[in-house]
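**Student:** This structure is in structure tokens; I'll ask about it shortly.
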Amino acid sequence: MGRNEIKTQFQVKMFKINWQPLSEITFSEEIYFILRKWNQFEANQFALLVSENLERLSKNATIGIYKIEYNCYSLVISKQTTLYYKSLKINLKSI
């Protein structure tokens with residue numbers, strides 16, 4: 001490695017997000033509601049907001065607040081919308 005070369009390695013832990021059937025249904029219903037009440041632009045903005053927050057969750061599943069009464073985490077993504085999710089802990093061994 002030369003004097004001016006810098007080798008940087010980042011290891012980002014990513015989590016897989018699995019949508020439950022009810023999650024898919026309620027997301028679709030919300031998009032449809034936004035389209036009926038407002039317009040395509042607002043529906044796209046909502047979908048982007050959800051996508052950005054799922055990306056955040058894929059990097060750090062503990063950013064939400066754990067709700068004992070629901071046995072899951074919640075993450076407020078807007079005044080009207082909260083994501084509810086569970087984080088499954090799985091031990092993986094490197095080979």
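Letters for chains follow the order of the structure tokens (A, B, ...), residue numbers begin at 1 for each chain, and ligand numbers begin at 1 in the order shown.
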Can you check which parts of stretch 59-92 of chain A lie within 10 Å of stretch 11-32 of chain A? Per residue, the shortest pair of atoms and distance in Å to one decimal, counting only C-alpha atoms, sorted by chain and number, as JSON lines.

**Tutor:**
```
{"residue": "A:Lys59", "atom": "CA", "partner": "A:Met14", "partner_atom": "CA", "distance": 4.9}
{"residue": "A:Asn60", "atom": "CA", "partner": "A:Met14", "partner_atom": "CA", "distance": 7.7}
{"residue": "A:Ala61", "atom": "CA", "partner": "A:Phe15", "partner_atom": "CA", "distance": 7.5}
{"residue": "A:Thr81", "atom": "CA", "partner": "A:Glu30", "partner_atom": "CA", "distance": 9.7}
{"residue": "A:Leu83", "atom": "CA", "partner": "A:Ser23", "partner_atom": "CA", "distance": 9.3}
{"residue": "A:Tyr84", "atom": "CA", "partner": "A:Ser23", "partner_atom": "CA", "distance": 9.1}
{"residue": "A:Tyr85", "atom": "CA", "partner": "A:Trp19", "partner_atom": "CA", "distance": 9.3}
{"residue": "A:Lys86", "atom": "CA", "partner": "A:Ile17", "partner_atom": "CA", "distance": 9.8}
{"residue": "A:Ser87", "atom": "CA", "partner": "A:Phe15", "partner_atom": "CA", "distance": 9.0}
{"residue": "A:Leu88", "atom": "CA", "partner": "A:Phe15", "partner_atom": "CA", "distance": 9.5}
```

**Student:** Taking N, CA, C and O atoms for each residue, export the selection above as a PDB file, in the first residue's frame.

**Tutor:**
```
ATOM      1  N   LYS A  59     -30.730  -1.397   9.549  1.00  0.00           N
ATOM      2  CA  LYS A  59     -29.393  -1.148  10.081  1.00  0.00           C
ATOM      3  C   LYS A  59     -29.350  -1.185  11.598  1.00  0.00           C
ATOM      4  O   LYS A  59     -28.313  -1.462  12.192  1.00  0.00           O
ATOM      5  N   ASN A  60     -30.480  -0.863  12.235  1.00  0.00           N
ATOM      6  CA  ASN A  60     -30.528  -0.845  13.695  1.00  0.00           C
ATOM      7  C   ASN A  60     -31.960  -1.124  14.142  1.00  0.00           C
ATOM      8  O   ASN A  60     -32.780  -0.212  14.219  1.00  0.00           O
ATOM      9  N   ALA A  61     -32.226  -2.388  14.422  1.00  0.00           N
ATOM     10  CA  ALA A  61     -33.594  -2.807  14.747  1.00  0.00           C
ATOM     11  C   ALA A  61     -34.074  -2.322  16.108  1.00  0.00           C
ATOM     12  O   ALA A  61     -35.247  -2.442  16.423  1.00  0.00           O
ATOM     13  N   THR A  81     -48.743   7.904  11.558  1.00  0.00           N
ATOM     14  CA  THR A  81     -48.308   6.545  11.221  1.00  0.00           C
ATOM     15  C   THR A  81     -47.233   6.019  12.162  1.00  0.00           C
ATOM     16  O   THR A  81     -46.225   6.682  12.388  1.00  0.00           O
ATOM     17  N   LEU A  83     -44.991   2.356  12.810  1.00  0.00           N
ATOM     18  CA  LEU A  83     -44.642   0.997  12.393  1.00  0.00           C
ATOM     19  C   LEU A  83     -44.514   0.132  13.638  1.00  0.00           C
ATOM     20  O   LEU A  83     -43.894   0.542  14.620  1.00  0.00           O
ATOM     21  N   TYR A  84     -45.080  -1.051  13.604  1.00  0.00           N
ATOM     22  CA  TYR A  84     -44.933  -2.018  14.687  1.00  0.00           C
ATOM     23  C   TYR A  84     -44.146  -3.193  14.125  1.00  0.00           C
ATOM     24  O   TYR A  84     -44.420  -3.660  13.020  1.00  0.00           O
ATOM     25  N   TYR A  85     -43.156  -3.659  14.895  1.00  0.00           N
ATOM     26  CA  TYR A  85     -42.312  -4.736  14.392  1.00  0.00           C
ATOM     27  C   TYR A  85     -41.684  -5.529  15.531  1.00  0.00           C
ATOM     28  O   TYR A  85     -41.622  -5.078  16.663  1.00  0.00           O
ATOM     29  N   LYS A  86     -41.233  -6.731  15.188  1.00  0.00           N
ATOM     30  CA  LYS A  86     -40.496  -7.575  16.120  1.00  0.00           C
ATOM     31  C   LYS A  86     -39.106  -7.783  15.560  1.00  0.00           C
ATOM     32  O   LYS A  86     -38.916  -7.882  14.358  1.00  0.00           O
ATOM     33  N   SER A  87     -38.159  -7.848  16.449  1.00  0.00           N
ATOM     34  CA  SER A  87     -36.782  -8.109  16.066  1.00  0.00           C
ATOM     35  C   SER A  87     -36.433  -9.502  16.567  1.00  0.00           C
ATOM     36  O   SER A  87     -36.445  -9.759  17.774  1.00  0.00           O
ATOM     37  N   LEU A  88     -36.140 -10.384  15.645  1.00  0.00           N
ATOM     38  CA  LEU A  88     -35.790 -11.753  16.011  1.00  0.00           C
ATOM     39  C   LEU A  88     -34.280 -11.849  16.136  1.00  0.00           C
ATOM     40  O   LEU A  88     -33.552 -11.429  15.238  1.00  0.00           O
TER      41      LEU A  88
END
```

**Student:** Got a sec: who's within 9 Å of A:Ile63, counting only C-alpha atoms, leaving out chain neighbours fewer than 2 positions off, as a PyMOL selection string?

**Tutor:** chain A and resi 56-57+60-61+65+73-75

**Student:** What does the distance from atom CA of A:Arg36 to atom CA of A:Glu55 come to in Å, to one decimal?

**Tutor:**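 Interatomic distance here is 27.1 Å.
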
**Student:** Mind giving me the straight-line distance from atom CA of A:Asn53 to atom CA of A:Val76 in Å, one decimal?

**Tutor:**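 If I compute the distance from atom CA of A:Asn53 to atom CA of A:Val76, I get 9.4 Å.
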